[in-house]
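Input: a single structure, listed below in structure tokens.
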Amino acid sequence: AILMEPARDDPHVTGMARHYHLVQCSEYCDNQAVSHVSVDNLAAAREVVLTLAGLGHRRIGFIGADNDFMSTIARWQGYLDGLRVLNIPPREDDQTFAGRDYSFASGVEAARRLLARPERPTALFCISDVLALGAVQAARELGLRVPEDLSVVGFDDVEYAVMGHPRLTTVRQPCYELGRTAGELLLTPVSYTHLTL
């Protein structure tokens, strides 16, 4: 089986792996000797922060999610790492977490918490496109223009990221390649393998 959404510390994965050949795709358990394939979430998040800084931003906010997925943790670490590279001290009041379900409504609410303050971020990095679209909506409600007043970057490059105006800036995941590689690992049982695309 290919598992798409195991939590970082899911205890059931090891038990299943004793009886079945498993491959984890995108999300995975960090302490389990079960093969997985994913993108380098940390490096991608760091690159987002560096790109935003290259556009002149020094107050870069972060919207994560209240869940225990490896991607959530790695993207937050990449955000913090990017700030460290730039010698920008991380500010707790520039970071917030939406609901564990990555819902649009929780993205709106999380962005409101960051943008309603007098000293708000001028850019937001959101760990998913749905949260980023929620942030764009919150900005509109507060009278902020994207990208003139606020830059917003999402992650995933889902189809509906290009359906609004302006189109969402996002990190594209190689979905086809992730799926193909997971299938190849599944059909060629090997010892524990960790592949990053």
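We label chains A, B, ... in the order they appear in the structure tokens, count residues from 1 in each chain, and number ligands from 1 in the order shown.
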If you run DSSP over the backbone, which residues in stretch 5-163 of chain A end up alpha helix (DSSP H)? Put them as a PyMOL selection string. chain A and resi 12-17+41-54+70-85+104-115+129-141
Keeping only C-alpha atoms, write the selected residues as a PDB file, in the first residue's frame.
ATOM      1  CA  HIS A  12       0.313   1.953  13.388  1.00  0.00           C
ATOM      2  CA  VAL A  13       2.688   2.268  10.450  1.00  0.00           C
ATOM      3  CA  THR A  14       5.332  -0.003  11.980  1.00  0.00           C
ATOM      4  CA  GLY A  15       2.731  -2.622  12.844  1.00  0.00           C
ATOM      5  CA  MET A  16       1.341  -2.629   9.308  1.00  0.00           C
ATOM      6  CA  ALA A  17       4.834  -2.755   7.823  1.00  0.00           C
ATOM      7  CA  ASN A  41      10.045  20.814   2.425  1.00  0.00           C
ATOM      8  CA  LEU A  42      12.649  22.518   4.584  1.00  0.00           C
ATOM      9  CA  ALA A  43      14.770  23.698   1.645  1.00  0.00           C
ATOM     10  CA  ALA A  44      11.687  24.847  -0.281  1.00  0.00           C
ATOM     11  CA  ALA A  45      10.396  26.878   2.661  1.00  0.00           C
ATOM     12  CA  ARG A  46      13.810  28.444   3.181  1.00  0.00           C
ATOM     13  CA  GLU A  47      13.863  29.431  -0.491  1.00  0.00           C
ATOM     14  CA  VAL A  48      10.458  31.103  -0.143  1.00  0.00           C
ATOM     15  CA  VAL A  49      11.742  33.265   2.712  1.00  0.00           C
ATOM     16  CA  LEU A  50      14.898  34.185   0.795  1.00  0.00           C
ATOM     17  CA  THR A  51      12.830  35.060  -2.278  1.00  0.00           C
ATOM     18  CA  LEU A  52      10.505  37.292  -0.264  1.00  0.00           C
ATOM     19  CA  ALA A  53      13.497  38.993   1.331  1.00  0.00           C
ATOM     20  CA  GLY A  54      14.895  39.537  -2.170  1.00  0.00           C
ATOM     21  CA  MET A  70       6.285  16.106   8.653  1.00  0.00           C
ATOM     22  CA  SER A  71       5.627  18.716   5.962  1.00  0.00           C
ATOM     23  CA  THR A  72       4.147  21.142   8.497  1.00  0.00           C
ATOM     24  CA  ILE A  73       7.133  20.823  10.800  1.00  0.00           C
ATOM     25  CA  ALA A  74       9.727  20.962   8.006  1.00  0.00           C
ATOM     26  CA  ARG A  75       8.138  24.014   6.376  1.00  0.00           C
ATOM     27  CA  TRP A  76       8.100  25.845   9.709  1.00  0.00           C
ATOM     28  CA  GLN A  77      11.745  24.892  10.286  1.00  0.00           C
ATOM     29  CA  GLY A  78      12.576  26.095   6.772  1.00  0.00           C
ATOM     30  CA  TYR A  79      10.860  29.409   7.478  1.00  0.00           C
ATOM     31  CA  LEU A  80      12.912  29.857  10.653  1.00  0.00           C
ATOM     32  CA  ASP A  81      16.067  28.744   8.864  1.00  0.00           C
ATOM     33  CA  GLY A  82      15.491  31.315   6.129  1.00  0.00           C
ATOM     34  CA  LEU A  83      15.154  34.067   8.721  1.00  0.00           C
ATOM     35  CA  ARG A  84      18.392  32.901  10.361  1.00  0.00           C
ATOM     36  CA  VAL A  85      20.231  33.018   7.026  1.00  0.00           C
ATOM     37  CA  PHE A 104      -9.929  27.923   3.941  1.00  0.00           C
ATOM     38  CA  ALA A 105     -11.849  29.321   6.919  1.00  0.00           C
ATOM     39  CA  SER A 106      -8.995  28.569   9.316  1.00  0.00           C
ATOM     40  CA  GLY A 107      -6.586  30.257   6.876  1.00  0.00           C
ATOM     41  CA  VAL A 108      -8.761  33.374   6.871  1.00  0.00           C
ATOM     42  CA  GLU A 109      -8.850  33.422  10.662  1.00  0.00           C
ATOM     43  CA  ALA A 110      -5.112  32.824  11.034  1.00  0.00           C
ATOM     44  CA  ALA A 111      -4.296  35.616   8.583  1.00  0.00           C
ATOM     45  CA  ARG A 112      -6.638  38.013  10.385  1.00  0.00           C
ATOM     46  CA  ARG A 113      -4.646  37.448  13.583  1.00  0.00           C
ATOM     47  CA  LEU A 114      -1.442  38.507  11.811  1.00  0.00           C
ATOM     48  CA  LEU A 115      -2.779  41.284   9.592  1.00  0.00           C
ATOM     49  CA  ASP A 129      -2.379  26.934  -1.022  1.00  0.00           C
ATOM     50  CA  VAL A 130      -5.715  26.674   0.776  1.00  0.00           C
ATOM     51  CA  LEU A 131      -4.310  28.606   3.730  1.00  0.00           C
ATOM     52  CA  ALA A 132      -2.730  31.119   1.343  1.00  0.00           C
ATOM     53  CA  LEU A 133      -6.061  31.668  -0.421  1.00  0.00           C
ATOM     54  CA  GLY A 134      -7.601  32.225   3.003  1.00  0.00           C
ATOM     55  CA  ALA A 135      -4.880  34.794   3.713  1.00  0.00           C
ATOM     56  CA  VAL A 136      -5.683  36.612   0.448  1.00  0.00           C
ATOM     57  CA  GLN A 137      -9.342  36.715   1.483  1.00  0.00           C
ATOM     58  CA  ALA A 138      -8.465  38.083   4.942  1.00  0.00           C
ATOM     59  CA  ALA A 139      -6.261  40.741   3.342  1.00  0.00           C
ATOM     60  CA  ARG A 140      -9.140  41.849   1.109  1.00  0.00           C
ATOM     61  CA  GLU A 141     -11.467  42.079   4.116  1.00  0.00           C
TER      62      GLU A 141
END
Contacts of A:Asp101 at 9 Å or less, counting only C-alpha atoms, minus same-chain residues fewer than 4 places along, as a list in words? Ala65, Asp66, Asn67 and Ser106 of chain A
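Residues in contact with A:Glu184 at up to 12 Å, not including ones fewer than 6 positions away on its chain and judged by only C-alpha atoms, are A:Ala1, A:Ile2, A:Leu22, A:Val23, A:Cys25, A:Ser35, A:His36, A:Val37, A:Glu177, A:Leu178, A:Val190, A:Thr193, A:Leu195.
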A:Leu124: which residues within 8 Å, counting only C-alpha atoms, same-chain residues fewer than 3 positions away excluded, as a PyMOL selection string? chain A and resi 60-63+121+150-153
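Distances to A:Thr181 were evaluated for A:Gly154, A:Arg8, A:Pro89, A:Leu197 using only C-alpha atoms, and the minimum falls at A:Leu197.
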Mind checking DSSP for stretch 5-181 of chain A and telling me the strand (DSSP E) residues as a PyMOL selection string? chain A and resi 23-25+36-38+60-65+95-98+123-126+151-156+169-172
From the options A:Ala161, A:Ala7, A:Leu55, A:Val171, which residue's atoms come nearest to A:Arg100, counting only C-alpha atoms?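 Of all the options, A:Ala7 lies closest to A:Arg100.
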When distances are computed from only C-alpha atoms, which of A:Phe69, A:Arg180, A:Val34, A:Glu5 shows the smallest separation from A:Tyr20?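 Looking at the shortest contact to A:Tyr20, the residue is A:Val34.
Among A:Thr188, A:Gln24, A:Thr169, A:Thr122, the residue with the shortest atom-to-atom distance to A:Arg58, counting only C-alpha atoms, is A:Thr122.
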From atom CA of A:Thr170 to atom CA of A:Asp157 the spacing works out at 5.6 Å
In Å, how far is it from atom CA of A:Ala182 to atom CA of A:Asp10?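 Spanning atom CA of A:Ala182 to atom CA of A:Asp10 is a straight-line distance of 19.2 Å.
Remark: for A:Met4, the closest of the candidate residues A:Ser103, A:Asn87, A:Thr96, A:Ser26 is A:Ser26 (distances computed over only C-alpha atoms).
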